[in-house]
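As stored in work-v1.pdb (PDB, C-alpha atoms and all ligand atoms):
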ATOM      1  CA  MET A1257     126.708 -57.459  14.855
ATOM      2  CA  ASP A1258     125.917 -60.350  17.199
ATOM      3  CA  ILE A1259     124.263 -59.248  20.409
ATOM      4  CA  GLY A1260     123.984 -60.895  23.810
ATOM      5  CA  LEU A1261     120.984 -59.629  25.750
ATOM      6  CA  ILE A1262     120.636 -59.377  29.527
ATOM      7  CA  GLY A1263     116.960 -59.004  30.441
ATOM      8  CA  SER A1264     113.995 -60.126  28.405
ATOM      9  CA  GLY A1265     111.185 -57.952  29.725
ATOM     10  CA  ALA A1266     109.461 -55.093  27.906
ATOM     11  CA  ILE A1267     112.598 -53.611  26.288
ATOM     12  CA  GLY A1268     114.259 -56.998  25.691
ATOM     13  CA  GLN A1269     111.221 -58.398  23.891
ATOM     14  CA  TYR A1270     110.861 -55.214  21.831
ATOM     15  CA  LEU A1271     114.461 -55.689  20.682
ATOM     16  CA  LEU A1272     113.870 -59.371  19.901
ATOM     17  CA  LYS A1273     110.910 -58.431  17.687
ATOM     18  CA  LYS A1274     112.633 -55.563  15.884
ATOM     19  CA  ILE A1275     115.963 -57.329  15.432
ATOM     20  CA  ASN A1276     115.323 -61.072  15.107
ATOM     21  CA  GLU A1277     111.661 -61.362  14.073
ATOM     22  CA  ASP A1278     111.929 -58.511  11.532
ATOM     23  CA  SER A1279     115.321 -59.858  10.301
ATOM     24  CA  HIS A1280     117.375 -56.702  10.863
ATOM     25  CA  PRO A1281     120.020 -56.530   8.123
ATOM     26  CA  GLU A1282     122.955 -55.685  10.444
ATOM     27  CA  LEU A1283     121.974 -56.914  13.915
ATOM     28  CA  HIS A1284     121.181 -60.290  15.446
ATOM     29  CA  ILE A1285     120.470 -61.378  19.031
ATOM     30  CA  GLY A1286     121.963 -64.858  19.450
ATOM     31  CA  HIS A1287     122.275 -65.279  23.224
ATOM     32  CA  ILE A1288     120.274 -64.201  26.272
ATOM     33  CA  LEU A1289     121.282 -64.271  29.934
ATOM     34  CA  VAL A1290     118.280 -65.170  32.101
ATOM     35  CA  ARG A1291     117.779 -66.176  35.727
ATOM     36  CA  ASN A1292     115.030 -68.699  35.053
ATOM     37  CA  THR A1293     115.332 -70.781  31.858
ATOM     38  CA  ALA A1294     111.896 -72.426  32.242
ATOM     39  CA  LYS A1295     110.155 -69.025  32.189
ATOM     40  CA  TYR A1296     111.922 -67.899  28.989
ATOM     41  CA  ARG A1297     112.254 -71.265  27.171
ATOM     42  CA  HIS A1298     109.723 -70.096  24.540
ATOM     43  CA  LEU A1299     112.192 -67.431  23.361
ATOM     44  CA  GLU A1300     114.410 -70.188  21.914
ATOM     45  CA  GLY A1301     111.691 -71.275  19.503
ATOM     46  CA  ASP A1302     110.219 -67.806  18.926
ATOM     47  CA  TYR A1303     113.486 -66.018  18.166
ATOM     48  CA  GLY A1304     116.167 -68.687  17.639
ATOM     49  CA  VAL A1305     118.253 -67.648  20.654
ATOM     50  CA  VAL A1306     120.378 -69.622  23.128
ATOM     51  CA  LEU A1307     119.535 -69.099  26.813
ATOM     52  CA  HIS A1308     122.235 -68.976  29.495
ATOM     53  CA  THR A1309     122.118 -68.792  33.266
ATOM     54  CA  ASP A1310     125.894 -68.704  33.677
ATOM     55  CA  VAL A1311     127.400 -65.300  32.920
ATOM     56  CA  GLU A1312     130.825 -66.709  31.989
ATOM     57  CA  ALA A1313     129.311 -69.117  29.415
ATOM     58  CA  PHE A1314     127.203 -66.227  28.085
ATOM     59  CA  LEU A1315     130.339 -64.060  27.712
ATOM     60  CA  ALA A1316     132.289 -66.926  26.101
ATOM     61  CA  SER A1317     129.675 -67.155  23.328
ATOM     62  CA  ASP A1318     130.163 -65.629  19.918
ATOM     63  CA  ILE A1319     128.780 -62.147  20.690
ATOM     64  CA  ASP A1320     130.236 -58.755  19.799
ATOM     65  CA  MET A1321     128.169 -56.611  22.145
ATOM     66  CA  VAL A1322     126.289 -57.144  25.399
ATOM     67  CA  VAL A1323     123.057 -55.152  25.705
ATOM     68  CA  GLU A1324     121.617 -54.810  29.192
ATOM     69  CA  ALA A1325     117.856 -54.269  29.610
ATOM     70  CA  ALA A1326     117.368 -55.732  33.101
ATOM     71  CA  ASN A1327     117.704 -53.423  36.105
ATOM     72  CA  VAL A1328     120.105 -51.292  38.162
ATOM     73  CA  ALA A1329     121.007 -54.111  40.585
ATOM     74  CA  THR A1330     122.000 -56.416  37.714
ATOM     75  CA  VAL A1331     124.300 -53.759  36.245
ATOM     76  CA  GLN A1332     125.905 -53.226  39.650
ATOM     77  CA  ALA A1333     126.542 -56.967  39.965
ATOM     78  CA  LEU A1334     127.638 -57.811  36.402
ATOM     79  CA  LEU A1335     129.199 -54.766  34.746
ATOM     80  CA  PRO A1336     132.781 -55.308  36.009
ATOM     81  CA  HIS A1337     132.737 -58.900  34.606
ATOM     82  CA  VAL A1338     131.090 -57.992  31.335
ATOM     83  CA  ILE A1339     133.208 -54.959  30.420
ATOM     84  CA  ARG A1340     136.389 -57.029  30.776
ATOM     85  CA  LYS A1341     135.217 -59.216  27.887
ATOM     86  CA  LYS A1342     132.757 -57.356  25.665
ATOM     87  CA  ASP A1343     131.667 -53.974  24.399
ATOM     88  CA  THR A1344     128.607 -53.186  26.481
ATOM     89  CA  MET A1345     125.443 -51.108  26.162
ATOM     90  CA  LEU A1346     123.435 -50.216  29.268
ATOM     91  CA  ILE A1347     119.938 -48.840  29.624
ATOM     92  CA  SER A1348     119.796 -49.137  33.452
ATOM     93  CA  VAL A1349     122.313 -46.303  33.625
ATOM     94  CA  GLY A1350     121.161 -45.464  37.130
ATOM     95  CA  ALA A1351     123.770 -47.973  38.311
ATOM     96  CA  LEU A1352     126.451 -45.467  37.303
ATOM     97  CA  ALA A1353     125.305 -43.087  40.034
ATOM     98  CA  ASP A1354     127.830 -45.189  41.972
ATOM     99  CA  GLU A1355     130.982 -43.248  41.163
ATOM    100  CA  GLN A1356     133.260 -46.118  42.171
ATOM    101  CA  LEU A1357     131.528 -48.375  39.650
ATOM    102  CA  LEU A1358     131.848 -45.700  36.967
ATOM    103  CA  VAL A1359     135.568 -45.162  37.595
ATOM    104  CA  GLU A1360     136.284 -48.900  37.808
ATOM    105  CA  THR A1361     134.331 -49.542  34.593
ATOM    106  CA  ALA A1362     136.282 -46.829  32.768
ATOM    107  CA  ARG A1363     139.545 -48.340  34.025
ATOM    108  CA  LEU A1364     138.573 -51.862  32.952
ATOM    109  CA  ALA A1365     137.337 -50.694  29.539
ATOM    110  CA  GLU A1366     140.663 -49.012  28.903
ATOM    111  CA  ALA A1367     142.684 -52.002  30.149
ATOM    112  CA  HIS A1368     140.702 -54.507  28.045
ATOM    113  CA  ALA A1369     140.108 -52.262  25.002
ATOM    114  CA  THR A1370     136.323 -52.455  25.269
ATOM    115  CA  ARG A1371     133.708 -49.693  25.036
ATOM    116  CA  LEU A1372     130.718 -48.731  27.156
ATOM    117  CA  HIS A1373     127.754 -47.264  25.260
ATOM    118  CA  LEU A1374     125.095 -45.310  27.164
ATOM    119  CA  PRO A1375     122.059 -44.563  24.960
ATOM    120  CA  SER A1376     119.993 -41.470  25.735
ATOM    121  CA  GLY A1377     117.056 -43.616  26.891
ATOM    122  CA  ALA A1378     113.700 -41.915  27.317
ATOM    123  CA  VAL A1379     115.116 -38.395  26.894
ATOM    124  CA  GLY A1380     117.169 -36.449  24.369
ATOM    125  CA  GLY A1381     119.385 -33.393  24.169
ATOM    126  CA  LEU A1382     122.519 -35.005  25.607
ATOM    127  CA  ASP A1383     124.519 -33.457  22.747
ATOM    128  CA  LEU A1384     123.270 -30.006  23.748
ATOM    129  CA  ILE A1385     124.020 -30.552  27.443
ATOM    130  CA  GLN A1386     127.551 -31.807  26.766
ATOM    131  CA  ASN A1387     128.264 -28.962  24.354
ATOM    132  CA  ALA A1388     126.893 -26.390  26.788
ATOM    133  CA  LYS A1389     129.258 -27.751  29.428
ATOM    134  CA  THR A1390     132.234 -27.689  27.082
ATOM    135  CA  PHE A1391     131.477 -24.213  25.772
ATOM    136  CA  GLY A1392     131.743 -22.724  29.231
ATOM    137  CA  ASN A1393     129.653 -22.522  32.283
ATOM    138  CA  LEU A1394     126.626 -24.808  32.484
ATOM    139  CA  GLU A1395     124.767 -23.312  35.407
ATOM    140  CA  ARG A1396     121.630 -25.332  35.853
ATOM    141  CA  VAL A1397     120.013 -28.592  34.716
ATOM    142  CA  GLU A1398     116.518 -29.410  35.968
ATOM    143  CA  LEU A1399     114.381 -32.411  35.120
ATOM    144  CA  THR A1400     110.658 -32.638  35.756
ATOM    145  CA  THR A1401     109.216 -36.067  35.040
ATOM    146  CA  ARG A1402     105.476 -36.760  35.005
ATOM    147  CA  LYS A1403     104.209 -40.291  34.789
ATOM    148  CA  PRO A1404     100.710 -41.774  35.014
ATOM    149  CA  ALA A1405      99.864 -42.010  38.714
ATOM    150  CA  SER A1406      99.570 -45.823  38.570
ATOM    151  CA  SER A1407     103.272 -46.077  37.562
ATOM    152  CA  LEU A1408     104.406 -44.279  40.706
ATOM    153  CA  THR A1409     101.955 -44.825  43.515
ATOM    154  CA  GLY A1410      99.533 -47.460  44.772
ATOM    155  CA  GLU A1411      97.339 -44.638  46.097
ATOM    156  CA  SER A1412      94.270 -43.676  44.127
ATOM    157  CA  ILE A1413      94.795 -39.925  43.602
ATOM    158  CA  THR A1414      92.645 -37.466  41.700
ATOM    159  CA  GLU A1415      95.128 -34.588  41.549
ATOM    160  CA  GLU A1416      98.795 -34.551  40.606
ATOM    161  CA  LYS A1417     101.210 -35.251  43.439
ATOM    162  CA  THR A1418     104.957 -34.569  43.654
ATOM    163  CA  VAL A1419     106.397 -37.876  44.870
ATOM    164  CA  PHE A1420     110.011 -36.683  44.828
ATOM    165  CA  HIS A1421     111.905 -33.417  44.737
ATOM    166  CA  GLY A1422     115.655 -33.339  45.236
ATOM    167  CA  LYS A1423     118.914 -34.238  43.544
ATOM    168  CA  ALA A1424     119.469 -37.008  41.004
ATOM    169  CA  PHE A1425     121.504 -39.264  43.336
ATOM    170  CA  GLU A1426     118.523 -39.550  45.670
ATOM    171  CA  ALA A1427     115.987 -39.830  42.828
ATOM    172  CA  ILE A1428     117.610 -43.015  41.480
ATOM    173  CA  GLU A1429     117.963 -44.484  44.992
ATOM    174  CA  LYS A1430     114.241 -44.030  45.612
ATOM    175  CA  PHE A1431     112.933 -44.726  42.083
ATOM    176  CA  PRO A1432     115.407 -47.073  40.332
ATOM    177  CA  LYS A1433     112.779 -48.138  37.777
ATOM    178  CA  ASN A1434     111.760 -44.602  36.845
ATOM    179  CA  MET A1435     114.710 -42.254  37.221
ATOM    180  CA  ASN A1436     117.475 -43.648  34.989
ATOM    181  CA  VAL A1437     116.894 -40.534  32.877
ATOM    182  CA  SER A1438     118.064 -38.351  35.775
ATOM    183  CA  ILE A1439     121.404 -40.180  35.796
ATOM    184  CA  ILE A1440     122.140 -39.988  32.079
ATOM    185  CA  LEU A1441     121.378 -36.249  32.291
ATOM    186  CA  SER A1442     123.718 -35.991  35.304
ATOM    187  CA  LEU A1443     126.525 -37.886  33.577
ATOM    188  CA  ALA A1444     126.248 -35.629  30.522
ATOM    189  CA  GLY A1445     125.882 -32.455  32.574
ATOM    190  CA  LEU A1446     126.408 -31.334  36.138
ATOM    191  CA  GLY A1447     126.646 -34.635  38.022
ATOM    192  CA  ILE A1448     124.337 -36.442  40.418
ATOM    193  CA  ASN A1449     124.697 -33.905  43.230
ATOM    194  CA  GLU A1450     123.862 -30.848  41.135
ATOM    195  CA  THR A1451     121.055 -32.056  38.877
ATOM    196  CA  ASP A1452     117.612 -31.055  40.194
ATOM    197  CA  VAL A1453     114.828 -33.580  39.819
ATOM    198  CA  ARG A1454     111.095 -33.457  40.371
ATOM    199  CA  LEU A1455     108.923 -36.565  39.889
ATOM    200  CA  ILE A1456     105.165 -36.112  39.629
ATOM    201  CA  ALA A1457     102.430 -38.754  39.710
ATOM    202  CA  ASP A1458      99.722 -37.412  37.418
ATOM    203  CA  PRO A1459      96.318 -39.151  37.226
ATOM    204  CA  ALA A1460      95.387 -37.120  34.111
ATOM    205  CA  ILE A1461      98.072 -38.416  31.721
ATOM    206  CA  GLU A1462      98.888 -41.631  29.879
ATOM    207  CA  LYS A1463     102.343 -40.651  28.597
ATOM    208  CA  ASN A1464     105.705 -40.414  30.367
ATOM    209  CA  ILE A1465     106.617 -36.741  30.076
ATOM    210  CA  HIS A1466     110.135 -35.445  30.708
ATOM    211  CA  GLU A1467     110.817 -31.706  30.737
ATOM    212  CA  ILE A1468     114.475 -30.676  30.810
ATOM    213  CA  ARG A1469     115.449 -27.072  31.509
ATOM    214  CA  LEU A1470     119.041 -25.929  31.293
ATOM    215  CA  ALA A1471     120.875 -22.643  31.398
ATOM    216  CA  GLY A1472     124.476 -21.556  31.017
ATOM    217  CA  ASP A1473     126.819 -19.377  29.003
ATOM    218  CA  PHE A1474     125.263 -20.712  25.792
ATOM    219  CA  GLY A1475     121.811 -19.394  26.737
ATOM    220  CA  GLU A1476     118.797 -21.400  27.828
ATOM    221  CA  ALA A1477     116.950 -24.463  26.594
ATOM    222  CA  VAL A1478     113.719 -26.266  27.393
ATOM    223  CA  LEU A1479     113.052 -29.717  25.972
ATOM    224  CA  THR A1480     109.812 -31.616  26.486
ATOM    225  CA  ILE A1481     109.561 -35.268  25.490
ATOM    226  CA  LYS A1482     106.063 -36.784  25.598
ATOM    227  CA  ASN A1483     106.734 -40.493  25.471
ATOM    228  CA  ASN A1484     104.365 -43.262  24.529
ATOM    229  CA  PRO A1485     104.810 -46.079  27.060
ATOM    230  CA  LEU A1486     105.651 -49.651  26.080
ATOM    231  CA  PRO A1487     102.417 -51.646  26.565
ATOM    232  CA  GLU A1488     104.286 -54.514  28.302
ATOM    233  CA  ASN A1489     105.636 -52.116  30.970
ATOM    234  CA  PRO A1490     103.963 -48.682  31.012
ATOM    235  CA  LYS A1491     106.657 -47.329  33.380
ATOM    236  CA  THR A1492     109.044 -47.665  30.429
ATOM    237  CA  SER A1493     108.893 -45.333  27.442
ATOM    238  CA  ALA A1494     109.100 -46.752  23.916
ATOM    239  CA  LEU A1495     111.878 -44.226  23.183
ATOM    240  CA  ALA A1496     114.149 -46.043  25.669
ATOM    241  CA  ALA A1497     113.948 -49.195  23.524
ATOM    242  CA  LEU A1498     114.354 -47.163  20.332
ATOM    243  CA  SER A1499     117.430 -45.452  21.786
ATOM    244  CA  ILE A1500     119.114 -48.862  22.150
ATOM    245  CA  LEU A1501     118.185 -49.877  18.619
ATOM    246  CA  GLY A1502     119.294 -46.517  17.214
ATOM    247  CA  THR A1503     122.595 -46.574  19.099
ATOM    248  CA  LEU A1504     123.292 -50.162  17.947
ATOM    249  CA  GLU A1505     122.661 -49.128  14.341
ATOM    250  CA  ARG A1506     125.028 -46.150  14.686
ATOM    251  CA  VAL A1507     127.932 -47.988  16.379
ATOM    252  CA  PRO A1508     129.704 -49.073  13.156
ATOM    253  CA  GLY A1509     129.058 -45.818  11.264
ATOM    254  CA  ASN A1510     131.860 -43.590   9.985
ATOM    255  CA  ILE A1511     129.760 -40.436  10.003
ATOM    256  CA  ARG A1512     128.612 -39.103  13.376
ATOM    257  CA  TYR A1513     125.729 -36.667  13.787
ATOM    258  CA  GLY A1514     125.703 -34.376  16.797
ATOM    259  CA  ASN A1515     127.971 -36.311  19.116
TER     260      ASN A1515
HETATM  261  N1  LIG B1601     117.643 -45.102  30.618
HETATM  262  C1  LIG B1601     116.346 -44.911  30.444
HETATM  263  O1  LIG B1601     115.915 -43.853  29.972
HETATM  264  C2  LIG B1601     115.377 -45.981  30.799
HETATM  265  C3  LIG B1601     115.769 -47.103  31.489
HETATM  266  N2  LIG B1601     114.864 -48.084  31.791
HETATM  267  C4  LIG B1601     115.347 -49.233  32.524
HETATM  268  O2  LIG B1601     115.510 -50.310  31.616
HETATM  269  C5  LIG B1601     115.441 -51.541  32.334
HETATM  270  C6  LIG B1601     114.554 -52.534  31.602
HETATM  271  O3  LIG B1601     113.266 -52.000  31.483
HETATM  272  P1  LIG B1601     112.016 -52.936  31.125
HETATM  273  O4  LIG B1601     112.344 -53.835  30.005
HETATM  274  O5  LIG B1601     110.842 -52.039  31.019
HETATM  275  O6  LIG B1601     111.899 -53.789  32.465
HETATM  276  P2  LIG B1601     111.107 -55.161  32.691
HETATM  277  O7  LIG B1601     110.861 -55.234  34.161
HETATM  278  O8  LIG B1601     109.961 -55.279  31.760
HETATM  279  O9  LIG B1601     112.195 -56.264  32.254
HETATM  280  C7  LIG B1601     113.362 -56.521  32.967
HETATM  281  C8  LIG B1601     113.747 -57.973  32.704
HETATM  282  O10 LIG B1601     115.045 -58.217  33.237
HETATM  283  C9  LIG B1601     115.045 -59.488  33.836
HETATM  284  N3  LIG B1601     116.137 -59.543  34.814
HETATM  285  C10 LIG B1601     116.224 -58.954  36.014
HETATM  286  N4  LIG B1601     117.393 -59.248  36.608
HETATM  287  C11 LIG B1601     118.065 -60.044  35.753
HETATM  288  C12 LIG B1601     119.340 -60.699  35.795
HETATM  289  N5  LIG B1601     120.133 -60.572  36.854
HETATM  290  N6  LIG B1601     119.717 -61.438  34.737
HETATM  291  C13 LIG B1601     118.916 -61.577  33.662
HETATM  292  N7  LIG B1601     117.695 -60.979  33.555
HETATM  293  C14 LIG B1601     117.281 -60.234  34.600
HETATM  294  C15 LIG B1601     113.645 -59.614  34.448
HETATM  295  O11 LIG B1601     113.320 -60.960  34.696
HETATM  296  C16 LIG B1601     112.803 -58.991  33.324
HETATM  297  O12 LIG B1601     112.475 -59.966  32.351
HETATM  298  C17 LIG B1601     114.949 -51.168  33.737
HETATM  299  O13 LIG B1601     116.048 -51.054  34.628
HETATM  300  C18 LIG B1601     114.356 -49.791  33.538
HETATM  301  O14 LIG B1601     114.334 -49.046  34.711
HETATM  302  C19 LIG B1601     113.572 -48.015  31.380
HETATM  303  C20 LIG B1601     113.139 -46.904  30.695
HETATM  304  C21 LIG B1601     113.984 -45.777  30.401
HETATM  305  O1  LIG B1602     110.957 -44.660  30.504
HETATM  306  C1  LIG B1602     110.964 -43.554  31.040
HETATM  307  O2  LIG B1602     110.220 -42.616  30.659
HETATM  308  C2  LIG B1602     111.964 -43.220  32.107
HETATM  309  C3  LIG B1602     112.333 -44.307  33.023
HETATM  310  O3  LIG B1602     111.581 -45.217  33.286
HETATM  311  C4  LIG B1602     113.669 -44.264  33.637
HETATM  312  O4  LIG B1602     114.394 -43.307  33.382
HETATM  313  O5  LIG B1602     114.022 -45.175  34.388
END
Take the structure in the file and give it back as C-alpha cells.
Ligand SMILES: NC(=O)C1=CN([C@@H]2O[C@H](COP(=O)(O)OP(=O)(O)OC[C@H]3O[C@@H](n4cnc5c(N)ncnc54)[C@H](O)[C@@H]3O)[C@@H](O)[C@H]2O)C=CC1
Ligand SMILES: O=C([O-])CC(=O)C(=O)O
Amino acid sequence: MDIGLIGSGAIGQYLLKKINEDSHPELHIGHILVRNTAKYRHLEGDYGVVLHTDVEAFLASDIDMVVEAANVATVQALLPHVIRKKDTMLISVGALADEQLLVETARLAEAHATRLHLPSGAVGGLDLIQNAKTFGNLERVELTTRKPASSLTGESITEEKTVFHGKAFEAIEKFPKNMNVSIILSLAGLGINETDVRLIADPAIEKNIHEIRLAGDFGEAVLTIKNNPLPENPKTSALAALSILGTLERVPGNIRYGN
C-alpha cells in the first residue's frame, strides 16, 4: 500500500523509520505534505519520499491512503478535500469533536466511495466500549489521564494537579495536543457531551497513563494503559504511532479480530 503522510513530527518520523527505513513488506510512504520544504528536505534523501506543499498535487500522486499525523487544525482544514479523493487515516481525531465535520466527512466518504480509518491511538478497549453500547445500556465512560507535569504545565509543581475536569468536548478544546484519546472514546461510546474526563499533571511520573472506567448492562470494566512516550515528543505515546502502523497492516486483511 502506498501512503501519503501529512505531518512529519514525532509520529511521522516513527512511521518513516518503521515503514521505509526497515523496508516494510506491504507498506511504503512515497509522498509527504509539508508546510516548509526547506525544513524537511533531508527526508527526501533519508527515506526516498517526494515532498509537496500543494494539497491537490499531493492527492493527485500515486497514493492509496492518506495518513494524518499533524494536528487537529490541519484535519479541520484538509479532511473534506482529502476524503473526496483518498482513503484516510487520522490520529488527530479530536477534530471530529466538530459534529458538522464528522457528518460531512461521512457524507463525502459515501459519495466518493472512500473510507475513514480512526486508529485507537494511545488507548485501547474501543471494541469493548462499542459492544457494551450495542448490547444495551452503556451508562458511564470516564477517562482519567495522567501525564508528566512538564507535558501539561509550565509551572514547577511538586504535587499532582488536576488541570482539567469536565466533558470531552471541552477537554479537546483546551488540550488539543493531549486529549485526542477523549474524542476517540467519545465516538466509540457516549459522545463528547457525556464522556467524563480528568487530566492530571503529575510530577512523579514519566509515562502517559490513561485509565478508562465504564459501566453498563454488560457489567463494569477498568482499563489502565501505561504508555511509554515517544522521545521526540513526550506528550505523545508510542502506542499512538503503533496504532497507526497496526491499523495500516490490518486494512487489507480478510480476518478481523475484535472489531
Ligand atoms: N489519537 C491519539 O491517541 C493521539 C493523537 N496524537 C496527535 O497526533 C498528532 C501528531 O503528533 P506528534 O507527531 O507527536 O506531533 P508533532 O508536533 O511531533 O508533529 C506534528 C507535525 O505536523 C506538522 N504539521 C502541522 N501542520 C501541518 C500541515 N498543515 N501540513 C503538514 N504538516 C503539518 C508539524 O510541522 C510537525 O512536523 C498531534 O495532533 C497529536 O495531538 C498524539 C498522541 C495520541
Ligand atoms: O499520546 C497520548 O498519550 C495521548 C495524547 O496525546 C492525545 O490523546 O492527544
Enumerate residues in contact with ligand LIG 1601 (chain B): an atom-to-atom distance of at most 7 Å, counting all atoms listed in the file. Format the result as a ChimeraX atom specification.
-> /A:1262-1268,1289-1291,1325-1328,1330,1347-1349,1376-1379,1432-1434,1436-1437,1440,1488-1489,1491-1493,1496
The selected residues should be written to file as a PDB file, keeping the file's coordinate frame (atoms: C-alpha atoms).
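Final file, selection.pdb:
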ATOM      1  CA  ILE A1262     120.636 -59.377  29.527  1.00  0.00           C
ATOM      2  CA  GLY A1263     116.960 -59.004  30.441  1.00  0.00           C
ATOM      3  CA  SER A1264     113.995 -60.126  28.405  1.00  0.00           C
ATOM      4  CA  GLY A1265     111.185 -57.952  29.725  1.00  0.00           C
ATOM      5  CA  ALA A1266     109.461 -55.093  27.906  1.00  0.00           C
ATOM      6  CA  ILE A1267     112.598 -53.611  26.288  1.00  0.00           C
ATOM      7  CA  GLY A1268     114.259 -56.998  25.691  1.00  0.00           C
ATOM      8  CA  LEU A1289     121.282 -64.271  29.934  1.00  0.00           C
ATOM      9  CA  VAL A1290     118.280 -65.170  32.101  1.00  0.00           C
ATOM     10  CA  ARG A1291     117.779 -66.176  35.727  1.00  0.00           C
ATOM     11  CA  ALA A1325     117.856 -54.269  29.610  1.00  0.00           C
ATOM     12  CA  ALA A1326     117.368 -55.732  33.101  1.00  0.00           C
ATOM     13  CA  ASN A1327     117.704 -53.423  36.105  1.00  0.00           C
ATOM     14  CA  VAL A1328     120.105 -51.292  38.162  1.00  0.00           C
ATOM     15  CA  THR A1330     122.000 -56.416  37.714  1.00  0.00           C
ATOM     16  CA  ILE A1347     119.938 -48.840  29.624  1.00  0.00           C
ATOM     17  CA  SER A1348     119.796 -49.137  33.452  1.00  0.00           C
ATOM     18  CA  VAL A1349     122.313 -46.303  33.625  1.00  0.00           C
ATOM     19  CA  SER A1376     119.993 -41.470  25.735  1.00  0.00           C
ATOM     20  CA  GLY A1377     117.056 -43.616  26.891  1.00  0.00           C
ATOM     21  CA  ALA A1378     113.700 -41.915  27.317  1.00  0.00           C
ATOM     22  CA  VAL A1379     115.116 -38.395  26.894  1.00  0.00           C
ATOM     23  CA  PRO A1432     115.407 -47.073  40.332  1.00  0.00           C
ATOM     24  CA  LYS A1433     112.779 -48.138  37.777  1.00  0.00           C
ATOM     25  CA  ASN A1434     111.760 -44.602  36.845  1.00  0.00           C
ATOM     26  CA  ASN A1436     117.475 -43.648  34.989  1.00  0.00           C
ATOM     27  CA  VAL A1437     116.894 -40.534  32.877  1.00  0.00           C
ATOM     28  CA  ILE A1440     122.140 -39.988  32.079  1.00  0.00           C
ATOM     29  CA  GLU A1488     104.286 -54.514  28.302  1.00  0.00           C
ATOM     30  CA  ASN A1489     105.636 -52.116  30.970  1.00  0.00           C
ATOM     31  CA  LYS A1491     106.657 -47.329  33.380  1.00  0.00           C
ATOM     32  CA  THR A1492     109.044 -47.665  30.429  1.00  0.00           C
ATOM     33  CA  SER A1493     108.893 -45.333  27.442  1.00  0.00           C
ATOM     34  CA  ALA A1496     114.149 -46.043  25.669  1.00  0.00           C
TER      35      ALA A1496
END
Between A:Pro1485, A:Leu1455, A:Ala1444, A:Met1435, smallest distance to ligand LIG 1602 (chain B) by all atoms listed in the file belongs to A:Met1435
Starting from the point (123.0, -54.3, 24.4), work out which residues of protein, DNA or RNA have an atom no more than 12 Å away when counting only C-alpha atoms; state them as a PyMOL selection string.
-> chain A and resi 1257-1264+1267-1268+1271-1272+1275+1283-1289+1319-1326+1331+1338-1339+1342-1348+1371-1375+1497-1505+1507
Taking all atoms listed in the file into account, which of A:Ile1428, A:Ala1353, A:Ala1294, A:Ala1365 comes nearest ligand LIG 1602 (chain B)?
->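 Looking at the shortest contact to ligand LIG 1602 (chain B), the residue is A:Ile1428.
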One-decimal distance in Å that lies between CA of Pro1490 in chain A and CA of Asp1383 in chain A |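 Distance reported for this atom pair: 26.9 Å.
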Interatomic distance between CA of Ala1460 in chain A and atom O3 of ligand LIG 1602 (chain B)?
->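 Atom O3 of ligand LIG 1602 (chain B) lies at a distance of 18.1 Å from CA of Ala1460 in chain A.
Relative to CA of Glu1395 in chain A, CA of Gly1472 in chain A is found at 4.7 Å.
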Within 12 Å of (107.3, -34.1, 28.9), in the coordinates the file gives, what residues turn up when you count only C-alpha atoms, written out as a PyMOL selection string?
-> chain A and resi 1378-1380+1399-1404+1455-1456+1458+1461-1469+1478-1484+1493
Give the padded box for ligand LIG 1602 (chain B) as JSON: axis-aligned, covering all atoms listed in the file, 3 Å on each side, centre and edge lengths in Å to one decimal.
{"center_x": 112.3, "center_y": -43.9, "center_z": 32.4, "size_x": 10.2, "size_y": 8.6, "size_z": 9.9}
Do a neighbour search on Ala1457 in chain A at 9 Å with all atoms listed in the file, toss out local chain neighbours closer than 3 positions, and write the hits as a ChimeraX atom specification.
-> /A:1401-1409,1413,1415-1419
For C-alpha atoms, I'd like the residues from the last selection saved as a short mmCIF file (atom, residue, chain, number, x, y, z; two decimals), keeping the file's coordinate frame.
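Saved to selection-v5.cif:
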data_model
loop_
_atom_site.label_atom_id
_atom_site.label_comp_id
_atom_site.auth_asym_id
_atom_site.auth_seq_id
_atom_site.Cartn_x
_atom_site.Cartn_y
_atom_site.Cartn_z
CA THR A 1401 109.22 -36.07 35.04
CA ARG A 1402 105.48 -36.76 35.01
CA LYS A 1403 104.21 -40.29 34.79
CA PRO A 1404 100.71 -41.77 35.01
CA ALA A 1405 99.86 -42.01 38.71
CA SER A 1406 99.57 -45.82 38.57
CA SER A 1407 103.27 -46.08 37.56
CA LEU A 1408 104.41 -44.28 40.71
CA THR A 1409 101.96 -44.82 43.52
CA ILE A 1413 94.80 -39.92 43.60
CA GLU A 1415 95.13 -34.59 41.55
CA GLU A 1416 98.80 -34.55 40.61
CA LYS A 1417 101.21 -35.25 43.44
CA THR A 1418 104.96 -34.57 43.65
CA VAL A 1419 106.40 -37.88 44.87
#
Leaving out Ala1427 in chain A and any residue of its chain fewer than 2 positions from it, which residues lie within 9 Å of it when counting all atoms listed in the file, given as a ChimeraX atom specification?
-> /A:1420-1425,1429-1432,1434-1436,1438-1439,1453-1455
Same residues, C-alpha atoms, saved as a CSV table (one decimal), keeping the file's coordinate frame:
chain,number,residue,atom,x,y,z
A,1420,PHE,CA,110.0,-36.7,44.8
A,1421,HIS,CA,111.9,-33.4,44.7
A,1422,GLY,CA,115.7,-33.3,45.2
A,1423,LYS,CA,118.9,-34.2,43.5
A,1424,ALA,CA,119.5,-37.0,41.0
A,1425,PHE,CA,121.5,-39.3,43.3
A,1429,GLU,CA,118.0,-44.5,45.0
A,1430,LYS,CA,114.2,-44.0,45.6
A,1431,PHE,CA,112.9,-44.7,42.1
A,1432,PRO,CA,115.4,-47.1,40.3
A,1434,ASN,CA,111.8,-44.6,36.8
A,1435,MET,CA,114.7,-42.3,37.2
A,1436,ASN,CA,117.5,-43.6,35.0
A,1438,SER,CA,118.1,-38.4,35.8
A,1439,ILE,CA,121.4,-40.2,35.8
A,1453,VAL,CA,114.8,-33.6,39.8
A,1454,ARG,CA,111.1,-33.5,40.4
A,1455,LEU,CA,108.9,-36.6,39.9
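Among the candidates A:Pro1508, A:His1308, A:His1280, A:Ala1351, the residue lying nearest to ligand LIG 1602 (chain B) is A:Ala1351 (atoms considered: all atoms listed in the file).
Each of A:Gln1356, A:Ile1511, A:Leu1441, A:Tyr1270 was compared to ligand LIG 1602 (chain B) using all atoms listed in the file, and A:Leu1441 turns out to be the nearest.
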C-alpha atoms of range 1474-1478 of chain A, written as an mmCIF file, in the first residue's frame:
data_model
loop_
_atom_site.group_PDB
_atom_site.id
_atom_site.type_symbol
_atom_site.label_atom_id
_atom_site.label_comp_id
_atom_site.auth_asym_id
_atom_site.auth_seq_id
_atom_site.Cartn_x
_atom_site.Cartn_y
_atom_site.Cartn_z
ATOM 1 C CA PHE A 1474 -22.705 -5.686 30.400
ATOM 2 C CA GLY A 1475 -21.115 -5.042 33.806
ATOM 3 C CA GLU A 1476 -18.098 -2.894 34.572
ATOM 4 C CA ALA A 1477 -14.591 -2.506 33.205
ATOM 5 C CA VAL A 1478 -11.418 -0.686 34.177
#
